[in-house]
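Notes for the one structure printed next.
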Amino acid sequence: MNEFRTVIKLQNSDEKISYDSVLLFVGSCFSENIGDKFIERRFSAAVNPFGILYNPVSVKQSLEILLEKRLFQKDELFRYEGRWHSFYHHSRFSSPERTTVLKMINENIEKGHDVLKKADFLFITFGTSWAYENVEDGTVVANCHKLPASRFRRYRLRIGEIVESYSGLIDRLREFNPGLKIVFTVSPVRHWKDGAHGNQLSKSVLLLAVDELVRKFDHVDYFSAYELVIDDLRDYRFYTEDMLHPSSVAIDYIWDRLSEMYFDDNAKLFVKEIEKIIKAREHRPFNEKGEEYRAFLSNMVKKLDVLSGRYPAADIKEDKEYFKHKLNKIVTNLS
C-alpha cells in the first residue's frame with residue numbers, strides 16, 4: 001500500500017515504441033483517448049478508421065476490411081430518419097448525403113489499409129462483449145443508429161469464440177505485416193446499462209479472451225488500462241461527471257504509465273521536446289508587437305529546425321509554419 005492507494009507495477013515491454021514508429025488504434029472510445037495523445041505529440045498514428053467500435057466482432061470486421069482494402073458500394077448504406085448510415089461504422093460517418101458518407105468511408109479504408117501495412121504497433125481496445133446481430137441477415141453491427149430494438153438480437157460473446165476468431169485474424173495480420181506488434185487493452189469505461197454485475201461479466205469475458213491470446217501468440221501483449229483505472233486510481237474523482245468515463249486526469253495517468261512501459265529512450269526525449277512546442281503554441285504574449293515576442297517566435301523557428309535534424313521522421317512541418325507565419329506577420333506590420 002502507498003498513501004492509501006494500490007499502485008500497479010507494470011513490467012517494461014521488450015517491444016519498444018520509438019519516435020518514428022507507425023501506430024494504428026482501433027476499438028472503443030478509450031482507444032481514441034490514447035491514440036489522440038500520440039497524434040497530439042506528432043507521432044505517425046491513425047485512430048479508428050471506422051469510428052468508435054465497442055465489441056470484438058465489429059473490431060475484427062473492420063480490420064478484415066482494412067486487410068482486404070474492400071471499398072464500400074452505395075447499396076451497402078441505408079437511409080434512416082433523413083441520414084445515410086453504415087452498419088459497420090460509427091454515426092460520425094453518417095450524413096444526409098450518400099455520396100458524402102461513401103467518400104468518407106472509402107477514404108478512411110484506403111488510409112487505414114496503408115497504415116496497417118507499415119504499422120509497427122496495432123492497439124486494439126475492447127469495450128464490451130455484448131453484440132447486436134441484425135435479424136435480417138445475421139451480421140453483427142457496429143452501431144444500431146437508433147433503429148428499433150426489434151431489428152436486432154442482443155447477445156454476449158463467449159470467450160472461446162473471441163479467441164478462435166482472433167487467432168485467425170492475428171495469423172492474417174502477421175502474413176500481411178510480419179513486423180506488426182499487437183497490444184490489446186480493455187476499456188475502463190463502464191457500460192452501466194447492463195448493471196454493475198452485467199458490466200463485470202462483460203469485462204471478464206474480454207479479459208479472459210485477451211489473456212488466452214497473449215499466451216498463445218508471440219509479439220501480442222496486454223496493457224492494463226482497465227486495472228489502472230479500476231484498481232490503481234479507484235476513486236470517483238478520476239471519472240467525468242457521468243461517473244462512467246475516465247477523466248482527463250485519469251487518461252493522462254494512463255498515458256504516463258504506457259509511456260514508461262513502451263517508449264524507448266529516444267521516444268521519451270522526443271515527447272519532452274514536442275510537449276515544449278505544444279506549450280509554446282499555447283503561449284499568449286502580453287504584447288504581440290513587442291521585441292520580446294518577436295525574439296520568442298524567432299527562437300522557436302530555430303528550435304524546430306534543430307528538432308527536424310534530430311528527428312527527421314517527425315512531422316513537425318505544420319509547427320514550423322505556425323511560428324514562421326506569426327513571425328512574418330509581425331515583421332510585415334512593422335515594415
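Each chain in the C-alpha cells gets a letter, A, B, ..., in the order shown, and its residues are numbered from 1; ligands are numbered from 1 in order too.
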
Inset, instruction - Name the residues of range 162-232 of chain A that come out as strand (DSSP E) in a backbone DSSP run; write them as a PyMOL selection string. - result: chain A and resi 181-186+220-222

Quick one: write out the picked residues with C-alpha atoms as a compact mmCIF listing (two decimals), in the first residue's frame?
# COMPACT_ATOMS: atom_id res chain seq x y z
CA LYS A 181 3.21 -5.94 -32.73
CA ILE A 182 -0.30 -6.15 -31.28
CA VAL A 183 -1.33 -4.69 -27.93
CA PHE A 184 -4.77 -5.45 -26.52
CA THR A 185 -6.47 -3.28 -23.93
CA VAL A 186 -9.86 -3.46 -22.25
CA VAL A 220 0.98 -9.96 -28.64
CA ASP A 221 0.72 -8.03 -25.40
CA TYR A 222 -1.81 -6.69 -22.91

Inset, instruction - Using DSSP on the backbone, list every residue of range 114-245 of chain A that comes out as alpha helix (DSSP H), and give them as an MDAnalysis selection string. - result: chainID A and resid 114:118 159:176 195:216 225:227

Write out as a PDB file with N, CA and C atoms, in the first residue's frame which residues come within 9 Å of range 22-30 of chain A when counting only C-alpha atoms, dropping same-chain ones fewer than 3 positions away.
ATOM      1  N   ILE A  17       8.291   1.376 -28.510  1.00  0.00           N
ATOM      2  CA  ILE A  17       7.818   2.396 -29.436  1.00  0.00           C
ATOM      3  C   ILE A  17       8.876   3.488 -29.514  1.00  0.00           C
ATOM      4  N   SER A  18       9.293   3.811 -30.725  1.00  0.00           N
ATOM      5  CA  SER A  18      10.227   4.907 -30.927  1.00  0.00           C
ATOM      6  C   SER A  18       9.490   6.108 -31.512  1.00  0.00           C
ATOM      7  N   TYR A  19      10.200   7.217 -31.641  1.00  0.00           N
ATOM      8  CA  TYR A  19       9.541   8.441 -32.111  1.00  0.00           C
ATOM      9  C   TYR A  19       9.029   8.294 -33.537  1.00  0.00           C
ATOM     10  N   ASN A  33      -8.926   8.121 -26.895  1.00  0.00           N
ATOM     11  CA  ASN A  33      -8.287   8.925 -25.851  1.00  0.00           C
ATOM     12  C   ASN A  33      -6.774   8.797 -25.910  1.00  0.00           C
ATOM     13  N   ILE A  34      -6.289   7.564 -26.021  1.00  0.00           N
ATOM     14  CA  ILE A  34      -4.848   7.328 -26.040  1.00  0.00           C
ATOM     15  C   ILE A  34      -4.267   7.598 -27.426  1.00  0.00           C
ATOM     16  N   GLY A  35      -4.969   7.178 -28.474  1.00  0.00           N
ATOM     17  CA  GLY A  35      -4.486   7.424 -29.834  1.00  0.00           C
ATOM     18  C   GLY A  35      -4.302   8.906 -30.111  1.00  0.00           C
ATOM     19  N   PHE A  38      -1.037  10.313 -28.924  1.00  0.00           N
ATOM     20  CA  PHE A  38       0.074  10.095 -29.847  1.00  0.00           C
ATOM     21  C   PHE A  38       0.043  11.110 -30.988  1.00  0.00           C
ATOM     22  N   PHE A  43       3.354  11.844 -33.316  1.00  0.00           N
ATOM     23  CA  PHE A  43       3.676  10.503 -33.777  1.00  0.00           C
ATOM     24  C   PHE A  43       2.894  10.219 -35.061  1.00  0.00           C
ATOM     25  N   SER A  44       3.382   9.263 -35.825  1.00  0.00           N
ATOM     26  CA  SER A  44       2.659   8.820 -37.015  1.00  0.00           C
ATOM     27  C   SER A  44       1.614   7.798 -36.577  1.00  0.00           C
ATOM     28  N   ALA A  45       0.399   8.263 -36.379  1.00  0.00           N
ATOM     29  CA  ALA A  45      -0.650   7.406 -35.822  1.00  0.00           C
ATOM     30  C   ALA A  45      -1.973   7.660 -36.518  1.00  0.00           C
ATOM     31  N   ALA A  46      -2.767   6.599 -36.623  1.00  0.00           N
ATOM     32  CA  ALA A  46      -4.137   6.697 -37.148  1.00  0.00           C
ATOM     33  C   ALA A  46      -5.069   6.079 -36.113  1.00  0.00           C
ATOM     34  N   VAL A  47      -6.242   6.684 -35.961  1.00  0.00           N
ATOM     35  CA  VAL A  47      -7.170   6.257 -34.916  1.00  0.00           C
ATOM     36  C   VAL A  47      -8.540   5.952 -35.522  1.00  0.00           C
ATOM     37  N   ASN A  48      -9.003   4.741 -35.301  1.00  0.00           N
ATOM     38  CA  ASN A  48     -10.367   4.311 -35.632  1.00  0.00           C
ATOM     39  C   ASN A  48     -10.840   4.720 -37.028  1.00  0.00           C
ATOM     40  N   PRO A  49     -10.330   4.058 -38.070  1.00  0.00           N
ATOM     41  CA  PRO A  49     -10.793   4.347 -39.430  1.00  0.00           C
ATOM     42  C   PRO A  49     -12.284   4.083 -39.644  1.00  0.00           C
ATOM     43  N   PHE A  50     -12.931   3.348 -38.728  1.00  0.00           N
ATOM     44  CA  PHE A  50     -14.365   3.093 -38.820  1.00  0.00           C
ATOM     45  C   PHE A  50     -15.136   3.835 -37.726  1.00  0.00           C
ATOM     46  N   GLY A  51     -14.441   4.693 -37.002  1.00  0.00           N
ATOM     47  CA  GLY A  51     -15.062   5.338 -35.855  1.00  0.00           C
ATOM     48  C   GLY A  51     -15.008   4.425 -34.643  1.00  0.00           C
ATOM     49  N   ILE A  52     -15.638   4.828 -33.571  1.00  0.00           N
ATOM     50  CA  ILE A  52     -15.621   4.074 -32.320  1.00  0.00           C
ATOM     51  C   ILE A  52     -16.362   2.749 -32.497  1.00  0.00           C
ATOM     52  N   LEU A  53     -15.691   1.657 -32.111  1.00  0.00           N
ATOM     53  CA  LEU A  53     -16.261   0.313 -32.171  1.00  0.00           C
ATOM     54  C   LEU A  53     -16.153  -0.308 -30.784  1.00  0.00           C
ATOM     55  N   TYR A  54     -17.183  -1.020 -30.358  1.00  0.00           N
ATOM     56  CA  TYR A  54     -17.212  -1.493 -28.974  1.00  0.00           C
ATOM     57  C   TYR A  54     -16.959  -2.983 -28.815  1.00  0.00           C
ATOM     58  N   ASN A  55     -17.544  -3.799 -29.671  1.00  0.00           N
ATOM     59  CA  ASN A  55     -17.457  -5.247 -29.461  1.00  0.00           C
ATOM     60  C   ASN A  55     -16.368  -5.886 -30.330  1.00  0.00           C
ATOM     61  N   PRO A  56     -15.795  -7.000 -29.906  1.00  0.00           N
ATOM     62  CA  PRO A  56     -14.706  -7.641 -30.646  1.00  0.00           C
ATOM     63  C   PRO A  56     -15.056  -8.038 -32.076  1.00  0.00           C
ATOM     64  N   SER A  58     -17.099  -6.521 -34.247  1.00  0.00           N
ATOM     65  CA  SER A  58     -17.056  -5.345 -35.118  1.00  0.00           C
ATOM     66  C   SER A  58     -15.626  -4.861 -35.338  1.00  0.00           C
ATOM     67  N   VAL A  59     -14.801  -4.936 -34.303  1.00  0.00           N
ATOM     68  CA  VAL A  59     -13.394  -4.571 -34.450  1.00  0.00           C
ATOM     69  C   VAL A  59     -12.720  -5.504 -35.452  1.00  0.00           C
ATOM     70  N   SER A  62     -13.750  -4.747 -39.025  1.00  0.00           N
ATOM     71  CA  SER A  62     -13.104  -3.545 -39.552  1.00  0.00           C
ATOM     72  C   SER A  62     -11.669  -3.848 -39.984  1.00  0.00           C
ATOM     73  N   LEU A  63     -10.953  -4.649 -39.208  1.00  0.00           N
ATOM     74  CA  LEU A  63      -9.574  -4.987 -39.559  1.00  0.00           C
ATOM     75  C   LEU A  63      -9.521  -5.870 -40.805  1.00  0.00           C
ATOM     76  N   GLY A 112      -6.400   3.638 -43.872  1.00  0.00           N
ATOM     77  CA  GLY A 112      -6.203   2.619 -42.847  1.00  0.00           C
ATOM     78  C   GLY A 112      -5.437   1.425 -43.363  1.00  0.00           C
ATOM     79  N   VAL A 115      -1.768   2.398 -43.547  1.00  0.00           N
ATOM     80  CA  VAL A 115      -1.167   2.478 -42.215  1.00  0.00           C
ATOM     81  C   VAL A 115      -0.947   1.079 -41.648  1.00  0.00           C
ATOM     82  N   LEU A 116      -1.935   0.199 -41.803  1.00  0.00           N
ATOM     83  CA  LEU A 116      -1.825  -1.168 -41.283  1.00  0.00           C
ATOM     84  C   LEU A 116      -0.659  -1.905 -41.935  1.00  0.00           C
ATOM     85  N   LYS A 118       2.214  -0.749 -42.902  1.00  0.00           N
ATOM     86  CA  LYS A 118       3.535  -0.338 -42.414  1.00  0.00           C
ATOM     87  C   LYS A 118       3.577  -0.119 -40.902  1.00  0.00           C
ATOM     88  N   ALA A 119       2.485  -0.444 -40.218  1.00  0.00           N
ATOM     89  CA  ALA A 119       2.416  -0.190 -38.775  1.00  0.00           C
ATOM     90  C   ALA A 119       3.402  -1.052 -38.000  1.00  0.00           C
ATOM     91  N   ASP A 120       4.004  -0.440 -36.983  1.00  0.00           N
ATOM     92  CA  ASP A 120       4.836  -1.182 -36.044  1.00  0.00           C
ATOM     93  C   ASP A 120       3.994  -1.735 -34.902  1.00  0.00           C
ATOM     94  N   PHE A 121       2.942  -0.982 -34.528  1.00  0.00           N
ATOM     95  CA  PHE A 121       2.081  -1.385 -33.420  1.00  0.00           C
ATOM     96  C   PHE A 121       0.612  -1.220 -33.806  1.00  0.00           C
ATOM     97  N   LEU A 122      -0.176  -2.199 -33.423  1.00  0.00           N
ATOM     98  CA  LEU A 122      -1.630  -2.133 -33.536  1.00  0.00           C
ATOM     99  C   LEU A 122      -2.205  -2.259 -32.129  1.00  0.00           C
ATOM    100  N   PHE A 123      -2.889  -1.209 -31.677  1.00  0.00           N
ATOM    101  CA  PHE A 123      -3.553  -1.236 -30.372  1.00  0.00           C
ATOM    102  C   PHE A 123      -5.038  -1.533 -30.589  1.00  0.00           C
ATOM    103  N   ILE A 124      -5.520  -2.585 -29.949  1.00  0.00           N
ATOM    104  CA  ILE A 124      -6.930  -2.990 -30.066  1.00  0.00           C
ATOM    105  C   ILE A 124      -7.585  -2.853 -28.698  1.00  0.00           C
ATOM    106  N   THR A 125      -8.623  -2.031 -28.607  1.00  0.00           N
ATOM    107  CA  THR A 125      -9.318  -1.843 -27.336  1.00  0.00           C
ATOM    108  C   THR A 125     -10.734  -2.387 -27.421  1.00  0.00           C
ATOM    109  N   PHE A 126     -11.035  -3.372 -26.597  1.00  0.00           N
ATOM    110  CA  PHE A 126     -12.389  -3.914 -26.490  1.00  0.00           C
ATOM    111  C   PHE A 126     -13.169  -3.121 -25.432  1.00  0.00           C
ATOM    112  N   GLY A 127     -14.436  -2.846 -25.741  1.00  0.00           N
ATOM    113  CA  GLY A 127     -15.265  -2.115 -24.797  1.00  0.00           C
ATOM    114  C   GLY A 127     -16.289  -2.983 -24.089  1.00  0.00           C
ATOM    115  N   THR A 128     -16.896  -3.899 -24.838  1.00  0.00           N
ATOM    116  CA  THR A 128     -17.946  -4.754 -24.282  1.00  0.00           C
ATOM    117  C   THR A 128     -17.974  -6.077 -25.025  1.00  0.00           C
ATOM    118  N   VAL A 186      -8.435  -3.422 -22.544  1.00  0.00           N
ATOM    119  CA  VAL A 186      -9.862  -3.464 -22.255  1.00  0.00           C
ATOM    120  C   VAL A 186     -10.250  -2.109 -21.686  1.00  0.00           C
ATOM    121  N   SER A 187     -11.262  -1.509 -22.263  1.00  0.00           N
ATOM    122  CA  SER A 187     -11.644  -0.152 -21.874  1.00  0.00           C
ATOM    123  C   SER A 187     -12.135  -0.099 -20.428  1.00  0.00           C
ATOM    124  N   PRO A 188     -11.659   0.892 -19.662  1.00  0.00           N
ATOM    125  CA  PRO A 188     -12.156   1.066 -18.293  1.00  0.00           C
ATOM    126  C   PRO A 188     -13.516   1.767 -18.224  1.00  0.00           C
ATOM    127  N   VAL A 189     -14.042   2.181 -19.379  1.00  0.00           N
ATOM    128  CA  VAL A 189     -15.376   2.794 -19.405  1.00  0.00           C
ATOM    129  C   VAL A 189     -16.409   1.745 -19.006  1.00  0.00           C
ATOM    130  N   HIS A 245     -16.993   7.403 -17.447  1.00  0.00           N
ATOM    131  CA  HIS A 245     -15.822   7.585 -18.308  1.00  0.00           C
ATOM    132  C   HIS A 245     -14.643   8.144 -17.504  1.00  0.00           C
ATOM    133  N   PRO A 246     -13.436   7.671 -17.782  1.00  0.00           N
ATOM    134  CA  PRO A 246     -12.257   8.219 -17.104  1.00  0.00           C
ATOM    135  C   PRO A 246     -12.099   9.707 -17.405  1.00  0.00           C
ATOM    136  N   ILE A 251      -6.811   9.762 -17.824  1.00  0.00           N
ATOM    137  CA  ILE A 251      -6.238   9.471 -19.143  1.00  0.00           C
ATOM    138  C   ILE A 251      -4.775   9.883 -19.194  1.00  0.00           C
TER     139      ILE A 251
END

Report as a tab-separated table the residues of range 253-282 of chain A within 10 Å of range 313-321 of chain A, each with its shortest atom pair and distance in Å (one decimal), using only C-alpha atoms, ordered by chain and increasing residue number.
residue	atom	partner	partner_atom	distance
A:Phe270	CA	A:Ala314	CA	9.2
A:Ile274	CA	A:Ile316	CA	8.9
A:Ile277	CA	A:Asp319	CA	7.8
A:Ile278	CA	A:Asp319	CA	8.8
A:Arg281	CA	A:Asp319	CA	8.3

With N, CA and C atoms retained, could you export that selection as a short mmCIF file (atom, residue, chain, number, x, y, z; two decimals), in the first residue's frame?
data_model
loop_
_atom_site.label_atom_id
_atom_site.label_comp_id
_atom_site.auth_asym_id
_atom_site.auth_seq_id
_atom_site.Cartn_x
_atom_site.Cartn_y
_atom_site.Cartn_z
N PHE A 270 11.91 12.71 -27.30
CA PHE A 270 11.10 13.35 -28.35
C PHE A 270 9.82 13.95 -27.78
N ILE A 274 8.49 17.80 -27.86
CA ILE A 274 7.23 18.16 -28.51
C ILE A 274 6.28 18.82 -27.53
N ILE A 277 6.94 22.34 -27.44
CA ILE A 277 6.39 23.01 -28.63
C ILE A 277 4.89 23.26 -28.44
N ILE A 278 4.18 22.25 -27.95
CA ILE A 278 2.74 22.39 -27.72
C ILE A 278 2.48 23.53 -26.74
N ARG A 281 3.00 26.89 -28.35
CA ARG A 281 1.89 27.29 -29.23
C ARG A 281 0.70 27.82 -28.44
#

Legend entry - Counting only C-alpha atoms, the option among A:Asp137, A:Asp194, A:Arg5, A:Arg154 closest to Leu233 in chain A: A:Arg5

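Residues in contact range of Val101 in chain A, defined as at most 10 Å between only C-alpha atoms, with sequence neighbours fewer than 3 positions away removed, read Phe72, Lys74, Leu77, Arg83, Trp84, His85, Ser86, Arg92, Phe93, Ser94, Ser95, Pro96, Glu97, Arg98, Met104, Ile105 and Asn106 of chain A.
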
Inset, instruction - Find the residues near His191 in chain A: any atom within 9 Å, counting only C-alpha atoms, skip ones fewer than 4 places away on the same chain, and give them as an MDAnalysis selection string. - result: chainID A and resid 127:128 195:196 198:199 202 244

Export C-alpha atoms of the chosen residues as a compact mmCIF listing (two decimals), in the first residue's frame?
# COMPACT_ATOMS: atom_id res chain seq x y z
CA GLY A 127 -15.26 -2.12 -24.80
CA THR A 128 -17.95 -4.75 -24.28
CA GLY A 195 -25.88 -3.05 -14.35
CA ALA A 196 -22.84 -3.44 -12.09
CA GLY A 198 -23.53 -7.34 -16.00
CA ASN A 199 -20.73 -4.89 -16.71
CA SER A 202 -18.87 -8.45 -19.87
CA LEU A 244 -18.62 6.12 -16.17

Legend entry - Counting only C-alpha atoms, the residue of A:Ser21, A:Ser224, A:Asn143, A:Gln73 that sits nearest Asn266 in chain A: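 Counting only C-alpha atoms, the residue closest to Asn266 in chain A is A:Ser21.
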